[in-house]
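Undergrad: Dropping in start-v5.cif, which is mmCIF, C-alpha atoms; chains and numbers go by the auth columns:
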```cif
data_run
loop_
_atom_site.group_PDB
_atom_site.id
_atom_site.type_symbol
_atom_site.label_atom_id
_atom_site.label_comp_id
_atom_site.label_asym_id
_atom_site.label_seq_id
_atom_site.Cartn_x
_atom_site.Cartn_y
_atom_site.Cartn_z
_atom_site.B_iso_or_equiv
_atom_site.auth_seq_id
_atom_site.auth_asym_id
ATOM 1 C CA MET A 1 -2.593 26.663 -13.545 0.00 13 A
ATOM 2 C CA ASN A 2 -1.524 25.414 -10.121 0.00 14 A
ATOM 3 C CA ALA A 3 -3.647 23.050 -8.029 0.00 15 A
ATOM 4 C CA PRO A 4 -5.585 24.564 -5.105 0.00 16 A
ATOM 5 C CA SER A 5 -3.384 25.153 -2.065 0.00 17 A
ATOM 6 C CA SER A 6 -5.303 22.587 0.039 0.00 18 A
ATOM 7 C CA LEU A 7 -4.700 19.936 -2.626 0.00 19 A
ATOM 8 C CA GLU A 8 -1.021 20.880 -2.843 0.00 20 A
ATOM 9 C CA ALA A 9 -0.823 20.552 0.960 0.00 21 A
ATOM 10 C CA LEU A 10 -2.381 17.081 0.777 0.00 22 A
ATOM 11 C CA ILE A 11 0.080 15.998 -1.917 0.00 23 A
ATOM 12 C CA GLU A 12 2.983 17.296 0.156 0.00 24 A
ATOM 13 C CA ALA A 13 1.649 15.512 3.263 0.00 25 A
ATOM 14 C CA LEU A 14 1.425 12.186 1.409 0.00 26 A
ATOM 15 C CA ARG A 15 5.047 12.525 0.362 0.00 27 A
ATOM 16 C CA CYS A 16 6.130 11.909 3.967 0.00 28 A
ATOM 17 C CA LEU A 17 5.208 8.240 3.534 0.00 29 A
ATOM 18 C CA PRO A 18 8.140 5.903 2.766 0.00 30 A
ATOM 19 C CA GLY A 19 8.581 5.154 -0.916 0.00 31 A
ATOM 20 C CA VAL A 20 6.080 7.824 -2.018 0.00 32 A
ATOM 21 C CA GLY A 21 7.492 10.329 -4.473 0.00 33 A
ATOM 22 C CA PRO A 22 5.852 13.411 -6.011 0.00 34 A
ATOM 23 C CA LYS A 23 3.995 11.525 -8.759 0.00 35 A
ATOM 24 C CA SER A 24 2.677 8.801 -6.430 0.00 36 A
ATOM 25 C CA ALA A 25 1.578 11.399 -3.887 0.00 37 A
ATOM 26 C CA GLN A 26 -0.245 13.341 -6.585 0.00 38 A
ATOM 27 C CA ARG A 27 -1.958 10.186 -7.843 0.00 39 A
ATOM 28 C CA MET A 28 -3.077 9.257 -4.323 0.00 40 A
ATOM 29 C CA ALA A 29 -4.367 12.733 -3.553 0.00 41 A
ATOM 30 C CA TYR A 30 -6.401 12.981 -6.763 0.00 42 A
ATOM 31 C CA HIS A 31 -7.738 9.442 -6.291 0.00 43 A
ATOM 32 C CA LEU A 32 -8.911 10.174 -2.754 0.00 44 A
ATOM 33 C CA MET A 33 -10.551 13.465 -3.704 0.00 45 A
ATOM 34 C CA GLN A 34 -12.062 12.283 -6.982 0.00 46 A
ATOM 35 C CA HIS A 35 -13.035 8.651 -6.333 0.00 47 A
ATOM 36 C CA ASP A 36 -12.893 7.857 -2.625 0.00 48 A
ATOM 37 C CA ARG A 37 -13.862 10.714 -0.346 0.00 49 A
ATOM 38 C CA GLY A 38 -15.154 8.168 2.161 0.00 50 A
ATOM 39 C CA GLY A 39 -11.763 6.524 2.223 0.00 51 A
ATOM 40 C CA ALA A 40 -10.127 9.929 2.621 0.00 52 A
ATOM 41 C CA GLN A 41 -12.347 10.621 5.634 0.00 53 A
ATOM 42 C CA LEU A 42 -11.511 7.213 7.143 0.00 54 A
ATOM 43 C CA LEU A 43 -7.822 7.949 6.656 0.00 55 A
ATOM 44 C CA ALA A 44 -8.134 11.377 8.260 0.00 56 A
ATOM 45 C CA ASP A 45 -10.154 10.013 11.195 0.00 57 A
ATOM 46 C CA GLY A 46 -7.750 7.110 11.696 0.00 58 A
ATOM 47 C CA LEU A 47 -4.744 9.420 11.758 0.00 59 A
ATOM 48 C CA GLN A 48 -6.422 11.780 14.209 0.00 60 A
ATOM 49 C CA ARG A 49 -7.402 8.933 16.541 0.00 61 A
ATOM 50 C CA ALA A 50 -3.929 7.389 16.407 0.00 62 A
ATOM 51 C CA LEU A 51 -2.219 10.720 17.069 0.00 63 A
ATOM 52 C CA ALA A 52 -4.486 11.368 20.036 0.00 64 A
ATOM 53 C CA ALA A 53 -4.367 7.883 21.566 0.00 65 A
ATOM 54 C CA LEU A 54 -0.956 6.364 20.880 0.00 66 A
ATOM 55 C CA ARG A 55 2.048 6.785 23.124 0.00 67 A
ATOM 56 C CA HIS A 56 5.252 4.860 23.809 0.00 68 A
ATOM 57 C CA CYS A 57 5.177 1.970 26.271 0.00 69 A
ATOM 58 C CA GLN A 58 7.195 2.945 29.336 0.00 70 A
ATOM 59 C CA ARG A 59 8.905 -0.450 29.396 0.00 71 A
ATOM 60 C CA CYS A 60 9.505 -1.553 25.792 0.00 72 A
ATOM 61 C CA ASN A 61 9.014 1.733 23.887 0.00 73 A
ATOM 62 C CA THR A 62 6.567 0.315 21.305 0.00 74 A
ATOM 63 C CA PHE A 63 3.250 2.013 20.535 0.00 75 A
ATOM 64 C CA THR A 64 0.428 1.523 23.005 0.00 76 A
ATOM 65 C CA GLU A 65 -2.671 3.293 24.266 0.00 77 A
ATOM 66 C CA ALA A 66 -1.806 2.566 27.917 0.00 78 A
ATOM 67 C CA GLU A 67 1.292 3.464 29.918 0.00 79 A
ATOM 68 C CA VAL A 68 2.543 -0.129 29.610 0.00 80 A
ATOM 69 C CA CYS A 69 1.595 -2.385 26.688 0.00 81 A
ATOM 70 C CA GLY A 70 -0.180 -5.725 27.085 0.00 82 A
ATOM 71 C CA ARG A 71 2.885 -7.711 26.043 0.00 83 A
ATOM 72 C CA CYS A 72 4.995 -6.197 28.823 0.00 84 A
ATOM 73 C CA LEU A 73 2.222 -6.841 31.353 0.00 85 A
ATOM 74 C CA SER A 74 1.787 -10.480 30.330 0.00 86 A
ATOM 75 C CA GLY A 75 2.781 -12.985 32.975 0.00 87 A
ATOM 76 C CA LYS A 76 3.398 -15.581 30.241 0.00 88 A
ATOM 77 C CA ARG A 77 6.513 -13.868 28.863 0.00 89 A
ATOM 78 C CA ASP A 78 10.057 -14.796 29.954 0.00 90 A
ATOM 79 C CA ALA A 79 11.254 -11.577 31.626 0.00 91 A
ATOM 80 C CA SER A 80 14.856 -12.818 31.710 0.00 92 A
ATOM 81 C CA LEU A 81 15.141 -12.411 27.913 0.00 93 A
ATOM 82 C CA LEU A 82 15.133 -8.987 26.269 0.00 94 A
ATOM 83 C CA CYS A 83 15.138 -8.760 22.472 0.00 95 A
ATOM 84 C CA VAL A 84 16.170 -5.404 20.986 0.00 96 A
ATOM 85 C CA VAL A 85 14.641 -4.513 17.607 0.00 97 A
ATOM 86 C CA GLU A 86 14.633 -1.377 15.477 0.00 98 A
ATOM 87 C CA THR A 87 10.897 -0.917 14.896 0.00 99 A
ATOM 88 C CA PRO A 88 7.480 -2.173 16.046 0.00 100 A
ATOM 89 C CA VAL A 89 7.170 -3.924 12.659 0.00 101 A
ATOM 90 C CA ASP A 90 10.360 -5.873 13.420 0.00 102 A
ATOM 91 C CA MET A 91 8.875 -6.865 16.777 0.00 103 A
ATOM 92 C CA ASN A 92 5.724 -8.105 15.049 0.00 104 A
ATOM 93 C CA MET A 93 7.852 -10.207 12.679 0.00 105 A
ATOM 94 C CA MET A 94 9.677 -11.762 15.634 0.00 106 A
ATOM 95 C CA GLU A 95 6.333 -12.606 17.214 0.00 107 A
ATOM 96 C CA GLN A 96 5.138 -14.310 14.030 0.00 108 A
ATOM 97 C CA THR A 97 7.963 -16.844 14.340 0.00 109 A
ATOM 98 C CA HIS A 98 6.403 -18.232 17.558 0.00 110 A
ATOM 99 C CA ALA A 99 10.013 -19.016 18.512 0.00 111 A
ATOM 100 C CA TYR A 100 10.542 -16.272 21.089 0.00 112 A
ATOM 101 C CA SER A 101 8.688 -15.838 24.366 0.00 113 A
ATOM 102 C CA GLY A 102 10.722 -13.110 26.059 0.00 114 A
ATOM 103 C CA LEU A 103 10.190 -9.358 26.221 0.00 115 A
ATOM 104 C CA TYR A 104 11.288 -6.601 23.838 0.00 116 A
ATOM 105 C CA TYR A 105 12.809 -3.180 23.615 0.00 117 A
ATOM 106 C CA VAL A 106 12.028 -1.184 20.464 0.00 118 A
ATOM 107 C CA LEU A 107 14.678 1.376 19.523 0.00 119 A
ATOM 108 C CA MET A 108 12.380 3.275 17.118 0.00 120 A
ATOM 109 C CA GLY A 109 15.337 3.697 14.806 0.00 121 A
ATOM 110 C CA ARG A 110 19.015 2.871 14.500 0.00 122 A
ATOM 111 C CA VAL A 111 22.346 4.627 14.821 0.00 123 A
ATOM 112 C CA SER A 112 22.821 6.492 11.545 0.00 124 A
ATOM 113 C CA PRO A 113 25.334 9.363 11.690 0.00 125 A
ATOM 114 C CA LEU A 114 24.584 10.385 8.076 0.00 126 A
ATOM 115 C CA ASP A 115 20.970 11.021 9.112 0.00 127 A
ATOM 116 C CA GLY A 116 22.007 12.777 12.305 0.00 128 A
ATOM 117 C CA ILE A 117 20.848 9.886 14.524 0.00 129 A
ATOM 118 C CA GLY A 118 23.274 9.009 17.277 0.00 130 A
ATOM 119 C CA PRO A 119 22.899 7.031 20.506 0.00 131 A
ATOM 120 C CA GLY A 120 21.423 10.105 22.213 0.00 132 A
ATOM 121 C CA GLU A 121 18.517 10.305 19.773 0.00 133 A
ATOM 122 C CA LEU A 122 17.644 6.653 20.463 0.00 134 A
ATOM 123 C CA ARG A 123 17.453 7.273 24.232 0.00 135 A
ATOM 124 C CA LEU A 124 19.580 4.246 24.996 0.00 136 A
ATOM 125 C CA ASP A 125 19.584 5.154 28.689 0.00 137 A
ATOM 126 C CA ARG A 126 16.105 3.601 28.889 0.00 138 A
ATOM 127 C CA LEU A 127 17.340 0.381 27.257 0.00 139 A
ATOM 128 C CA LEU A 128 20.295 0.290 29.634 0.00 140 A
ATOM 129 C CA ALA A 129 17.996 0.639 32.642 0.00 141 A
ATOM 130 C CA ARG A 130 15.893 -2.294 31.393 0.00 142 A
ATOM 131 C CA ALA A 131 18.888 -4.493 30.620 0.00 143 A
ATOM 132 C CA CYS A 132 20.469 -3.859 34.019 0.00 144 A
ATOM 133 C CA ASP A 133 17.300 -4.240 36.107 0.00 145 A
ATOM 134 C CA GLY A 134 18.481 -7.478 37.728 0.00 146 A
ATOM 135 C CA VAL A 135 15.779 -9.521 35.978 0.00 147 A
ATOM 136 C CA VAL A 136 17.185 -9.624 32.432 0.00 148 A
ATOM 137 C CA SER A 137 19.845 -12.314 32.033 0.00 149 A
ATOM 138 C CA GLU A 138 20.365 -12.031 28.258 0.00 150 A
ATOM 139 C CA VAL A 139 19.894 -9.284 25.692 0.00 151 A
ATOM 140 C CA ILE A 140 19.322 -10.530 22.138 0.00 152 A
ATOM 141 C CA ILE A 141 20.220 -7.911 19.551 0.00 153 A
ATOM 142 C CA ALA A 142 17.937 -8.303 16.537 0.00 154 A
ATOM 143 C CA THR A 143 18.722 -5.183 14.537 0.00 155 A
ATOM 144 C CA ASN A 144 18.742 -5.491 10.750 0.00 156 A
ATOM 145 C CA TYR A 145 21.819 -6.621 8.862 0.00 157 A
ATOM 146 C CA THR A 146 22.267 -3.253 7.148 0.00 158 A
ATOM 147 C CA ASN A 147 25.295 -1.017 7.702 0.00 159 A
ATOM 148 C CA GLU A 148 23.302 1.057 10.177 0.00 160 A
ATOM 149 C CA GLY A 149 21.847 -2.022 11.876 0.00 161 A
ATOM 150 C CA GLU A 150 25.306 -3.540 12.239 0.00 162 A
ATOM 151 C CA ALA A 151 26.707 -0.296 13.646 0.00 163 A
ATOM 152 C CA THR A 152 23.810 -0.160 16.108 0.00 164 A
ATOM 153 C CA ALA A 153 24.358 -3.793 17.123 0.00 165 A
ATOM 154 C CA HIS A 154 28.067 -3.158 17.692 0.00 166 A
ATOM 155 C CA TYR A 155 27.422 -0.055 19.764 0.00 167 A
ATOM 156 C CA LEU A 156 24.756 -1.787 21.876 0.00 168 A
ATOM 157 C CA SER A 157 26.912 -4.863 22.354 0.00 169 A
ATOM 158 C CA GLU A 158 29.879 -2.840 23.616 0.00 170 A
ATOM 159 C CA MET A 159 27.668 -0.696 25.855 0.00 171 A
ATOM 160 C CA LEU A 160 25.918 -3.682 27.437 0.00 172 A
ATOM 161 C CA LYS A 161 28.946 -5.966 27.764 0.00 173 A
ATOM 162 C CA SER A 162 30.890 -3.210 29.542 0.00 174 A
ATOM 163 C CA ARG A 163 28.214 -3.378 32.236 0.00 175 A
ATOM 164 C CA GLY A 164 28.385 -7.162 32.555 0.00 176 A
ATOM 165 C CA VAL A 165 25.228 -7.919 30.571 0.00 177 A
ATOM 166 C CA SER A 166 25.157 -11.160 28.541 0.00 178 A
ATOM 167 C CA VAL A 167 24.595 -10.222 24.888 0.00 179 A
ATOM 168 C CA SER A 168 23.802 -12.342 21.824 0.00 180 A
ATOM 169 C CA ARG A 169 23.062 -11.470 18.185 0.00 181 A
ATOM 170 C CA ILE A 170 20.554 -13.171 15.907 0.00 182 A
ATOM 171 C CA ALA A 171 22.277 -15.292 13.261 0.00 183 A
ATOM 172 C CA ARG A 172 22.110 -14.754 9.539 0.00 184 A
ATOM 173 C CA GLY A 173 22.569 -17.079 6.623 0.00 185 A
ATOM 174 C CA VAL A 174 20.713 -19.092 4.004 0.00 186 A
ATOM 175 C CA PRO A 175 16.927 -18.593 4.259 0.00 187 A
ATOM 176 C CA VAL A 176 14.702 -21.559 5.070 0.00 188 A
ATOM 177 C CA GLY A 177 13.690 -23.180 1.783 0.00 189 A
ATOM 178 C CA GLY A 178 16.417 -21.262 -0.062 0.00 190 A
ATOM 179 C CA GLU A 179 18.474 -22.866 -2.827 0.00 191 A
ATOM 180 C CA LEU A 180 22.190 -22.132 -2.846 0.00 192 A
ATOM 181 C CA GLU A 181 22.266 -21.120 -6.503 0.00 193 A
ATOM 182 C CA TYR A 182 19.920 -18.207 -5.729 0.00 194 A
ATOM 183 C CA VAL A 183 21.656 -17.026 -2.537 0.00 195 A
ATOM 184 C CA ASP A 184 24.019 -14.067 -2.879 0.00 196 A
ATOM 185 C CA ALA A 185 27.709 -14.646 -2.146 0.00 197 A
ATOM 186 C CA GLY A 186 27.757 -12.430 0.969 0.00 198 A
ATOM 187 C CA THR A 187 24.910 -14.333 2.603 0.00 199 A
ATOM 188 C CA LEU A 188 26.473 -17.674 1.722 0.00 200 A
ATOM 189 C CA ALA A 189 29.860 -16.592 3.123 0.00 201 A
ATOM 190 C CA GLN A 190 28.176 -15.530 6.356 0.00 202 A
ATOM 191 C CA ALA A 191 26.326 -18.844 6.566 0.00 203 A
ATOM 192 C CA LEU A 192 29.658 -20.653 6.288 0.00 204 A
ATOM 193 C CA ARG A 193 31.212 -18.514 9.026 0.00 205 A
ATOM 194 C CA GLU A 194 28.244 -19.097 11.332 0.00 206 A
ATOM 195 C CA ARG A 195 27.963 -22.847 10.682 0.00 207 A
ATOM 196 C CA ARG A 196 27.321 -25.088 13.690 0.00 208 A
ATOM 197 C CA THR A 197 28.164 -28.668 14.574 0.00 209 A
ATOM 198 C CA LEU A 198 25.292 -31.115 14.093 0.00 210 A
ATOM 199 C CA ASP A 199 24.256 -33.122 17.109 0.00 211 A
ATOM 200 C CA PRO A 200 25.264 -36.819 16.864 0.00 212 A
#
```
Can you dump the structure from the file as structure tokens?

TA:
Amino acid sequence: MNAPSSLEALIEALRCLPGVGPKSAQRMAYHLMQHDRGGAQLLADGLQRALAALRHCQRCNTFTEAEVCGRCLSGKRDASLLCVVETPVDMNMMEQTHAYSGLYYVLMGRVSPLDGIGPGELRLDRLLARACDGVVSEVIIATNYTNEGEATAHYLSEMLKSRGVSVSRIARGVPVGGELEYVDAGTLAQALRERRTLDP
């Protein structure tokens, strides 16, 4: 006998989460309904509130409840630096380094032709307007080092450089605290290519 249609709908809804397959979605749905109805209500309320309140920042494109997010409004940020990342999570990771004090632009994705995502879907015209506003002196491309992230970085670099914008790319290599015997060959080769001269 099939599950009730409302339960099937819940299972199907949970499957939209990354990394959640049919079995995991079913387990979650039954757990929420059988053992944690309070948690289910919190989840439902949280989703409703977020859907109603969140929008994209008009300047950096991250999620915010106001037209412009607090980070973009901060007078303590270096407005001459603009770091381009794929997602708000990537932006949060950059912030955790405490090594960057400029502003951001969040693409909310990456160029991925196989998934039907081209430059048009990423609304790069907004990024271009920010980068060419006369205040930004350097755009730091911090997309991921995946095939799609590299393709996005290349596209952005060519687009921005053709308009006279100074562009840099975050480096990659051996992780801090990493031991060479555990580093994959591709990462080690890249670290060698991107080596730098030590100050005397």

Undergrad: For the structure shown, which residues end up in the PyMOL selection byres ((chain A and resi 157-165) around 10)? Put them as a list in words, please?

TA: Val96, Val97, Glu98, Leu119, Gly121, Arg122, Val123, Ser124, Pro125, Leu126, Gly130, Pro131, Ile152, Ile153, Ala154, Thr155, Asn156, His166, Tyr167, Leu168, Ser169, Glu170, Met171, Ser180, Arg181, Ile182, Ala183 and Arg184 of chain A

Undergrad: Using the chain letters and numbers from the file, give me the residues hit by the PyMOL selection byres ((chain A and resi 68) around 10), as JSON, numbers by chain.

TA: {"A": [66, 67, 69, 70, 71, 72, 73, 74, 75, 76, 77, 78, 79, 80, 81, 118, 120]}

Undergrad: Using all atoms listed in the file, find the one residue out of A:Ala62, A:Ala143, A:Leu136, A:Cys84 that sits nearest to Gly114 of chain A.

TA: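 With all atoms listed in the file as the atom set, the closest residue is A:Cys84.
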
Undergrad: Starting from 4 Å padding per side, set up an axis-aligned box that covers all listed atoms of segment 109-120 of chain A and hand over centre and edge lengths in Å, one decimal, as JSON.

TA:
```
{"center_x": 10.5, "center_y": -7.9, "center_z": 20.3, "size_x": 16.3, "size_y": 30.3, "size_z": 19.9}
```

Undergrad: Can you pull out the residues contacting Leu200 of chain A? Cut-off 12 Å, using all atoms listed in the file, and skip same-chain residues under 4 positions away; I want them as a PyMOL selection string.

TA: chain A and resi 184-187+190-196+204-207

Undergrad: Can you tell me how far atom CA of Glu150 of chain A sits from atom CA of Ser178 of chain A, in Å to one decimal?

TA: 4.9 Å
